[in-house]
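Dumped upload.pdb below, it's PDB, C-alpha atoms:
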```
ATOM      1  CA  MET A  28      68.264  62.257  35.811  1.00  0.00           C
ATOM      2  CA  THR A  29      70.141  59.027  36.363  1.00  0.00           C
ATOM      3  CA  THR A  30      68.595  55.629  35.995  1.00  0.00           C
ATOM      4  CA  VAL A  31      68.766  53.030  38.735  1.00  0.00           C
ATOM      5  CA  PRO A  32      69.432  49.512  37.468  1.00  0.00           C
ATOM      6  CA  LEU A  33      66.878  47.401  39.297  1.00  0.00           C
ATOM      7  CA  LEU A  34      67.265  43.696  38.735  1.00  0.00           C
ATOM      8  CA  ARG A  35      64.433  41.168  38.937  1.00  0.00           C
ATOM      9  CA  PRO A  36      64.295  37.513  37.933  1.00  0.00           C
ATOM     10  CA  GLY A  37      64.209  37.253  34.165  1.00  0.00           C
ATOM     11  CA  ARG A  38      65.454  40.833  33.700  1.00  0.00           C
ATOM     12  CA  PRO A  39      68.209  39.840  32.666  1.00  0.00           C
ATOM     13  CA  PHE A  40      69.269  37.236  35.252  1.00  0.00           C
ATOM     14  CA  ARG A  41      67.447  34.157  36.552  1.00  0.00           C
ATOM     15  CA  ALA A  42      66.365  34.082  40.213  1.00  0.00           C
ATOM     16  CA  GLU A  43      69.149  31.620  41.039  1.00  0.00           C
ATOM     17  CA  GLU A  44      71.765  33.943  39.581  1.00  0.00           C
ATOM     18  CA  LEU A  45      70.419  36.900  41.575  1.00  0.00           C
ATOM     19  CA  THR A  46      70.524  34.785  44.741  1.00  0.00           C
ATOM     20  CA  ILE A  47      74.150  33.819  44.097  1.00  0.00           C
ATOM     21  CA  MET A  48      75.148  37.439  43.371  1.00  0.00           C
ATOM     22  CA  THR A  49      73.403  38.527  46.578  1.00  0.00           C
ATOM     23  CA  ARG A  50      75.168  35.835  48.591  1.00  0.00           C
ATOM     24  CA  ASP A  51      78.501  36.835  47.009  1.00  0.00           C
ATOM     25  CA  GLY A  52      77.992  40.471  48.026  1.00  0.00           C
ATOM     26  CA  VAL A  53      77.551  41.904  44.533  1.00  0.00           C
ATOM     27  CA  LEU A  54      73.842  42.695  44.901  1.00  0.00           C
ATOM     28  CA  ARG A  55      71.484  43.420  47.755  1.00  0.00           C
ATOM     29  CA  ARG A  56      67.754  42.861  47.988  1.00  0.00           C
ATOM     30  CA  VAL A  57      65.605  45.994  48.185  1.00  0.00           C
ATOM     31  CA  ILE A  58      62.180  44.360  48.488  1.00  0.00           C
ATOM     32  CA  ARG A  59      60.948  40.895  47.538  1.00  0.00           C
ATOM     33  CA  ASP A  60      62.714  39.923  44.314  1.00  0.00           C
ATOM     34  CA  VAL A  61      64.018  43.416  43.426  1.00  0.00           C
ATOM     35  CA  HIS A  62      67.799  43.764  43.700  1.00  0.00           C
ATOM     36  CA  VAL A  63      70.354  46.555  43.188  1.00  0.00           C
ATOM     37  CA  ALA A  64      74.143  46.813  43.305  1.00  0.00           C
ATOM     38  CA  VAL A  65      75.580  46.788  46.828  1.00  0.00           C
ATOM     39  CA  GLY A  66      76.962  50.346  46.529  1.00  0.00           C
ATOM     40  CA  MET A  67      73.567  51.853  45.657  1.00  0.00           C
ATOM     41  CA  PRO A  68      72.449  54.050  48.581  1.00  0.00           C
ATOM     42  CA  GLU A  69      69.078  53.350  50.201  1.00  0.00           C
ATOM     43  CA  THR A  70      66.917  56.355  49.299  1.00  0.00           C
ATOM     44  CA  LEU A  71      63.258  57.253  49.106  1.00  0.00           C
ATOM     45  CA  ALA A  72      63.511  57.298  45.307  1.00  0.00           C
ATOM     46  CA  LEU A  73      65.114  53.840  45.217  1.00  0.00           C
ATOM     47  CA  ARG A  74      62.350  52.374  47.395  1.00  0.00           C
ATOM     48  CA  ALA A  75      59.724  54.037  45.186  1.00  0.00           C
ATOM     49  CA  LEU A  76      61.295  52.638  42.019  1.00  0.00           C
ATOM     50  CA  ALA A  77      61.477  49.172  43.575  1.00  0.00           C
ATOM     51  CA  LEU A  78      57.774  49.337  44.488  1.00  0.00           C
ATOM     52  CA  ASP A  79      56.951  50.576  41.022  1.00  0.00           C
ATOM     53  CA  ALA A  80      58.730  47.542  39.576  1.00  0.00           C
ATOM     54  CA  LEU A  81      56.572  45.240  41.715  1.00  0.00           C
ATOM     55  CA  LEU A  82      53.176  46.813  41.095  1.00  0.00           C
ATOM     56  CA  ASP A  83      50.906  45.463  38.396  1.00  0.00           C
ATOM     57  CA  PRO A  84      50.208  48.215  35.804  1.00  0.00           C
ATOM     58  CA  VAL A  85      46.514  48.306  36.754  1.00  0.00           C
ATOM     59  CA  TYR A  86      47.294  48.852  40.438  1.00  0.00           C
ATOM     60  CA  ARG A  87      50.049  51.307  39.540  1.00  0.00           C
ATOM     61  CA  ARG A  88      47.432  53.580  37.954  1.00  0.00           C
ATOM     62  CA  ARG A  89      44.481  53.053  40.308  1.00  0.00           C
ATOM     63  CA  ALA A  90      45.773  52.242  43.787  1.00  0.00           C
ATOM     64  CA  LEU A  91      47.642  53.992  46.574  1.00  0.00           C
ATOM     65  CA  VAL A  92      50.441  52.267  48.448  1.00  0.00           C
ATOM     66  CA  CYS A  93      49.329  52.302  52.097  1.00  0.00           C
ATOM     67  CA  ARG A  94      49.910  51.087  55.658  1.00  0.00           C
ATOM     68  CA  ALA A  95      53.154  49.156  56.294  1.00  0.00           C
ATOM     69  CA  THR A  96      54.207  49.424  52.638  1.00  0.00           C
ATOM     70  CA  ALA A  97      53.798  53.211  52.691  1.00  0.00           C
ATOM     71  CA  ALA A  98      55.699  53.349  55.992  1.00  0.00           C
ATOM     72  CA  TRP A  99      58.572  51.422  54.392  1.00  0.00           C
ATOM     73  CA  LEU A 100      58.481  53.742  51.390  1.00  0.00           C
ATOM     74  CA  HIS A 101      58.614  56.885  53.565  1.00  0.00           C
ATOM     75  CA  VAL A 102      61.131  55.852  56.237  1.00  0.00           C
ATOM     76  CA  GLY A 103      62.871  52.653  55.116  1.00  0.00           C
ATOM     77  CA  GLY A 104      63.680  49.803  57.452  1.00  0.00           C
ATOM     78  CA  PRO A 105      62.874  46.153  56.809  1.00  0.00           C
ATOM     79  CA  PRO A 106      60.561  45.709  53.811  1.00  0.00           C
ATOM     80  CA  PRO A 107      57.034  44.508  54.518  1.00  0.00           C
ATOM     81  CA  PRO A 108      56.285  40.855  53.737  1.00  0.00           C
ATOM     82  CA  VAL A 109      53.043  41.809  51.956  1.00  0.00           C
ATOM     83  CA  LEU A 110      52.347  44.869  49.798  1.00  0.00           C
ATOM     84  CA  ASP A 111      49.393  46.910  51.080  1.00  0.00           C
ATOM     85  CA  VAL A 112      47.494  48.951  48.499  1.00  0.00           C
ATOM     86  CA  LEU A 113      44.376  51.050  48.870  1.00  0.00           C
ATOM     87  CA  LEU A 114      41.789  51.003  46.119  1.00  0.00           C
ATOM     88  CA  ASP A 115      38.747  53.202  45.860  1.00  0.00           C
ATOM     89  CA  ALA A 116      35.689  51.076  46.684  1.00  0.00           C
ATOM     90  CA  ARG A 117      33.819  52.625  43.757  1.00  0.00           C
ATOM     91  CA  ARG A 118      36.198  50.861  41.379  1.00  0.00           C
ATOM     92  CA  ARG A 119      36.016  47.190  40.678  1.00  0.00           C
ATOM     93  CA  ALA A 120      38.984  45.369  42.209  1.00  0.00           C
ATOM     94  CA  ARG A 121      40.695  42.544  40.399  1.00  0.00           C
ATOM     95  CA  ARG A 122      41.867  39.572  42.354  1.00  0.00           C
ATOM     96  CA  ALA A 123      44.995  40.637  44.189  1.00  0.00           C
ATOM     97  CA  PRO A 124      48.179  38.923  43.051  1.00  0.00           C
ATOM     98  CA  PRO A 125      50.034  36.801  45.625  1.00  0.00           C
ATOM     99  CA  GLY A 126      51.884  38.892  48.186  1.00  0.00           C
ATOM    100  CA  MET A 127      49.525  41.854  47.902  1.00  0.00           C
ATOM    101  CA  THR A 128      46.626  42.886  50.105  1.00  0.00           C
ATOM    102  CA  VAL A 129      44.045  45.222  48.579  1.00  0.00           C
ATOM    103  CA  HIS A 130      42.142  47.406  51.047  1.00  0.00           C
ATOM    104  CA  GLU A 131      38.987  48.951  49.602  1.00  0.00           C
ATOM    105  CA  THR A 132      37.511  52.187  50.921  1.00  0.00           C
ATOM    106  CA  VAL A 133      36.102  55.455  49.623  1.00  0.00           C
ATOM    107  CA  CYS A 134      39.277  57.389  48.942  1.00  0.00           C
ATOM    108  CA  ALA A 135      37.724  60.857  49.261  1.00  0.00           C
ATOM    109  CA  GLY A 136      39.531  62.611  52.086  1.00  0.00           C
ATOM    110  CA  ILE A 137      42.617  60.395  51.939  1.00  0.00           C
ATOM    111  CA  ASP A 138      45.791  62.496  52.043  1.00  0.00           C
ATOM    112  CA  ALA A 139      47.914  61.222  49.163  1.00  0.00           C
ATOM    113  CA  ALA A 140      51.329  61.947  47.688  1.00  0.00           C
ATOM    114  CA  VAL A 141      53.259  60.931  44.586  1.00  0.00           C
ATOM    115  CA  ILE A 142      56.830  59.792  45.179  1.00  0.00           C
ATOM    116  CA  ALA A 143      58.896  59.043  42.084  1.00  0.00           C
ATOM    117  CA  GLY A 144      55.694  58.172  40.220  1.00  0.00           C
ATOM    118  CA  VAL A 145      54.248  55.924  42.956  1.00  0.00           C
ATOM    119  CA  LEU A 146      50.899  56.934  44.440  1.00  0.00           C
ATOM    120  CA  THR A 147      51.050  56.616  48.216  1.00  0.00           C
ATOM    121  CA  THR A 148      49.423  57.866  51.367  1.00  0.00           C
ATOM    122  CA  SER A 149      51.192  60.873  52.885  1.00  0.00           C
ATOM    123  CA  LEU A 150      53.297  60.344  55.989  1.00  0.00           C
ATOM    124  CA  PRO A 151      50.610  61.716  58.392  1.00  0.00           C
ATOM    125  CA  GLN A 152      47.930  59.609  56.671  1.00  0.00           C
ATOM    126  CA  THR A 153      50.192  56.557  56.938  1.00  0.00           C
ATOM    127  CA  VAL A 154      50.574  57.163  60.688  1.00  0.00           C
ATOM    128  CA  LEU A 155      46.784  57.358  61.073  1.00  0.00           C
ATOM    129  CA  ASP A 156      46.219  54.234  58.983  1.00  0.00           C
ATOM    130  CA  LEU A 157      48.789  52.202  60.901  1.00  0.00           C
ATOM    131  CA  ALA A 158      47.447  53.416  64.240  1.00  0.00           C
ATOM    132  CA  GLN A 159      43.884  52.581  63.258  1.00  0.00           C
ATOM    133  CA  TYR A 160      44.245  49.395  61.204  1.00  0.00           C
ATOM    134  CA  GLY A 161      47.819  48.182  61.804  1.00  0.00           C
ATOM    135  CA  ARG A 162      48.464  44.676  63.033  1.00  0.00           C
ATOM    136  CA  ALA A 163      50.768  43.874  65.955  1.00  0.00           C
ATOM    137  CA  GLU A 164      53.639  43.259  63.522  1.00  0.00           C
ATOM    138  CA  ASP A 165      53.172  46.801  62.134  1.00  0.00           C
ATOM    139  CA  LEU A 166      54.023  48.462  65.472  1.00  0.00           C
ATOM    140  CA  ALA A 167      57.685  49.025  64.519  1.00  0.00           C
ATOM    141  CA  ALA A 168      56.577  50.675  61.261  1.00  0.00           C
ATOM    142  CA  LEU A 169      54.157  52.894  63.211  1.00  0.00           C
ATOM    143  CA  GLN A 170      56.904  53.938  65.619  1.00  0.00           C
ATOM    144  CA  ALA A 171      59.280  54.734  62.739  1.00  0.00           C
ATOM    145  CA  THR A 172      56.696  56.824  60.888  1.00  0.00           C
ATOM    146  CA  VAL A 173      55.829  58.758  64.057  1.00  0.00           C
ATOM    147  CA  ARG A 174      59.543  59.539  64.593  1.00  0.00           C
ATOM    148  CA  ALA A 175      59.765  60.786  60.989  1.00  0.00           C
ATOM    149  CA  LEU A 176      56.882  63.257  61.385  1.00  0.00           C
ATOM    150  CA  THR A 177      57.682  66.953  61.355  1.00  0.00           C
ATOM    151  CA  PRO A 178      56.162  69.117  64.115  1.00  0.00           C
ATOM    152  CA  ASP A 179      53.498  70.249  61.607  1.00  0.00           C
ATOM    153  CA  GLY A 180      52.852  66.602  60.707  1.00  0.00           C
ATOM    154  CA  ARG A 181      52.337  65.766  64.389  1.00  0.00           C
ATOM    155  CA  VAL A 182      49.764  68.542  64.672  1.00  0.00           C
ATOM    156  CA  GLN A 183      48.061  67.335  61.498  1.00  0.00           C
ATOM    157  CA  VAL A 184      47.858  63.766  62.850  1.00  0.00           C
ATOM    158  CA  ARG A 185      46.326  64.955  66.133  1.00  0.00           C
ATOM    159  CA  GLU A 186      43.773  67.118  64.284  1.00  0.00           C
ATOM    160  CA  ARG A 187      42.795  64.372  61.867  1.00  0.00           C
ATOM    161  CA  LEU A 188      42.495  61.856  64.700  1.00  0.00           C
ATOM    162  CA  ALA A 189      40.183  64.208  66.608  1.00  0.00           C
ATOM    163  CA  ALA A 190      38.064  64.628  63.463  1.00  0.00           C
ATOM    164  CA  LEU A 191      37.714  60.884  62.783  1.00  0.00           C
ATOM    165  CA  PRO A 192      34.121  59.695  63.002  1.00  0.00           C
ATOM    166  CA  ARG A 193      33.199  56.933  65.393  1.00  0.00           C
ATOM    167  CA  ARG A 194      34.060  53.677  63.686  1.00  0.00           C
ATOM    168  CA  PRO A 195      36.002  50.503  64.401  1.00  0.00           C
ATOM    169  CA  GLY A 196      39.662  51.154  65.101  1.00  0.00           C
ATOM    170  CA  ARG A 197      39.298  54.750  66.274  1.00  0.00           C
ATOM    171  CA  THR A 198      39.728  53.893  69.960  1.00  0.00           C
ATOM    172  CA  VAL A 199      42.722  51.683  69.175  1.00  0.00           C
ATOM    173  CA  ALA A 200      44.278  54.509  67.131  1.00  0.00           C
ATOM    174  CA  GLN A 201      43.673  56.982  69.943  1.00  0.00           C
ATOM    175  CA  GLY A 202      45.350  54.688  72.454  1.00  0.00           C
ATOM    176  CA  ARG A 203      48.365  53.995  70.257  1.00  0.00           C
ATOM    177  CA  LEU A 204      48.884  57.637  69.345  1.00  0.00           C
ATOM    178  CA  ASP A 205      48.427  58.841  72.936  1.00  0.00           C
ATOM    179  CA  VAL A 206      51.500  56.761  73.777  1.00  0.00           C
ATOM    180  CA  LEU A 207      53.533  57.700  70.681  1.00  0.00           C
ATOM    181  CA  LEU A 208      52.453  61.359  70.354  1.00  0.00           C
ATOM    182  CA  PRO A 209      52.128  62.713  73.887  1.00  0.00           C
ATOM    183  CA  ALA A 210      50.447  66.128  74.021  1.00  0.00           C
TER     184      ALA A 210
END
```

Go ahead and express the file in the form of structure tokens.
Amino acid sequence: MTTVPLLRPGRPFRAEELTIMTRDGVLRRVIRDVHVAVGMPETLALRALALDALLDPVYRRRALVCRATAAWLHVGGPPPPVLDVLLDARRRARRAPPGMTVHETVCAGIDAAVIAGVLTTSLPQTVLDLAQYGRAEDLAALQATVRALTPDGRVQVRERLAALPRRPGRTVAQGRLDVLLPA
């Protein structure tokens, strides 16, 4: 297994030096203050390692990456401005660090995956979450995740949507997915 040299401020360069190297075309930004060499291909594993570098150790162990952040992890595209993580409501949440939104819910029944050591919602679960709770600025991420679904994933999304109990966001999710996943 090869290691990917991720660079962050203070490890080993200052933020100003990383900015200059990015401007000079030596580095590129992956997400927030995480940089890699320009020639490094954009892969699922690279995005997962970059997220892992950003997550606080407590959240790394106890939280799932979700919503727009999970969509970025699964399909790429522009990185989200804020990291979305899902924490089980039965656990006590610490104050979220700047640039992170913690969503608390009972995680039983959440379809999860582990990608390069990062706990995340599965692609079908991410589609459901974005359809149900996504903001207007998350629409592009929702469209990208829907395009990335396999035929089995599309069926799974439709089945899980039909099984959702009546609660806020269900009607919005139904409307969004009716447009993006025609029967």

Expansion of the PyMOL selection byres ((chain A and resi 141) around 12) into residues, as a VMD selection string: chain A and resid 71 to 72 75 to 76 79 87 to 88 90 to 92 97 100 to 101 138 to 140 142 to 150

Within 12 Å of Ala135 in chain A using all atoms listed in the file, minus same-chain residues under 2 positions, as a ChimeraX atom specification: /A:113-117,131-133,137-139

d(CA of Val184 in chain A, CA of Pro151 in chain A) in Å: 5.6 Å

Close residues, Leu81 in chain A itself excluded, 10 Å, all atoms listed in the file, min 6 positions apart in chain, as a ChimeraX atom specification: /A:35,58-61,75,87,110,127

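Taking CA of Thr198 in chain A and CA of Glu164 in chain A as the two end points, the separation is 18.7 Å.
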
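Using all atoms listed in the file, the smallest distance between any of A:Val206, A:Val199, A:Cys134, A:Val53 and Val65 in chain A comes from A:Val53.
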
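CA of Ala123 in chain A is positioned 20.7 Å from CA of Leu157 in chain A.
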
How would range 33-49 of chain A look with N, CA and C atoms restored, written as a PDB file, in the frame of the given file?
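Ended up saving to rebuild-v6.pdb:
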```pdb
ATOM      1  N   LEU A  33      67.552  48.359  38.431  1.00  0.00           N
ATOM      2  CA  LEU A  33      66.878  47.401  39.297  1.00  0.00           C
ATOM      3  C   LEU A  33      66.882  46.055  38.601  1.00  0.00           C
ATOM      4  N   LEU A  34      67.206  45.033  39.316  1.00  0.00           N
ATOM      5  CA  LEU A  34      67.265  43.696  38.735  1.00  0.00           C
ATOM      6  C   LEU A  34      66.184  42.832  39.360  1.00  0.00           C
ATOM      7  N   ARG A  35      65.458  42.117  38.508  1.00  0.00           N
ATOM      8  CA  ARG A  35      64.433  41.168  38.937  1.00  0.00           C
ATOM      9  C   ARG A  35      64.642  39.876  38.157  1.00  0.00           C
ATOM     10  N   PRO A  36      64.138  38.778  38.668  1.00  0.00           N
ATOM     11  CA  PRO A  36      64.295  37.513  37.933  1.00  0.00           C
ATOM     12  C   PRO A  36      63.762  37.636  36.503  1.00  0.00           C
ATOM     13  N   GLY A  37      64.583  37.189  35.574  1.00  0.00           N
ATOM     14  CA  GLY A  37      64.209  37.253  34.165  1.00  0.00           C
ATOM     15  C   GLY A  37      64.589  38.557  33.505  1.00  0.00           C
ATOM     16  N   ARG A  38      65.135  39.512  34.250  1.00  0.00           N
ATOM     17  CA  ARG A  38      65.454  40.833  33.700  1.00  0.00           C
ATOM     18  C   ARG A  38      66.854  41.251  34.127  1.00  0.00           C
ATOM     19  N   PRO A  39      67.925  40.868  33.659  1.00  0.00           N
ATOM     20  CA  PRO A  39      68.209  39.840  32.666  1.00  0.00           C
ATOM     21  C   PRO A  39      68.653  38.512  33.287  1.00  0.00           C
ATOM     22  N   PHE A  40      68.750  38.450  34.621  1.00  0.00           N
ATOM     23  CA  PHE A  40      69.269  37.236  35.252  1.00  0.00           C
ATOM     24  C   PHE A  40      68.145  36.367  35.811  1.00  0.00           C
ATOM     25  N   ARG A  41      68.402  35.070  35.916  1.00  0.00           N
ATOM     26  CA  ARG A  41      67.447  34.157  36.552  1.00  0.00           C
ATOM     27  C   ARG A  41      67.478  34.384  38.067  1.00  0.00           C
ATOM     28  N   ALA A  42      66.456  33.921  38.763  1.00  0.00           N
ATOM     29  CA  ALA A  42      66.365  34.082  40.213  1.00  0.00           C
ATOM     30  C   ALA A  42      67.568  33.454  40.914  1.00  0.00           C
ATOM     31  N   GLU A  43      68.008  32.306  40.425  1.00  0.00           N
ATOM     32  CA  GLU A  43      69.149  31.620  41.039  1.00  0.00           C
ATOM     33  C   GLU A  43      70.410  32.466  40.924  1.00  0.00           C
ATOM     34  N   GLU A  44      70.586  33.101  39.780  1.00  0.00           N
ATOM     35  CA  GLU A  44      71.765  33.943  39.581  1.00  0.00           C
ATOM     36  C   GLU A  44      71.730  35.160  40.499  1.00  0.00           C
ATOM     37  N   LEU A  45      70.556  35.758  40.666  1.00  0.00           N
ATOM     38  CA  LEU A  45      70.419  36.900  41.575  1.00  0.00           C
ATOM     39  C   LEU A  45      70.722  36.476  43.012  1.00  0.00           C
ATOM     40  N   THR A  46      70.262  35.298  43.397  1.00  0.00           N
ATOM     41  CA  THR A  46      70.524  34.785  44.741  1.00  0.00           C
ATOM     42  C   THR A  46      72.022  34.592  44.961  1.00  0.00           C
ATOM     43  N   ILE A  47      72.703  34.032  43.986  1.00  0.00           N
ATOM     44  CA  ILE A  47      74.150  33.819  44.097  1.00  0.00           C
ATOM     45  C   ILE A  47      74.883  35.157  44.181  1.00  0.00           C
ATOM     46  N   MET A  48      74.496  36.132  43.335  1.00  0.00           N
ATOM     47  CA  MET A  48      75.148  37.439  43.371  1.00  0.00           C
ATOM     48  C   MET A  48      74.882  38.156  44.692  1.00  0.00           C
ATOM     49  N   THR A  49      73.711  37.936  45.276  1.00  0.00           N
ATOM     50  CA  THR A  49      73.403  38.527  46.578  1.00  0.00           C
ATOM     51  C   THR A  49      74.269  37.869  47.657  1.00  0.00           C
TER      52      THR A  49
END
```
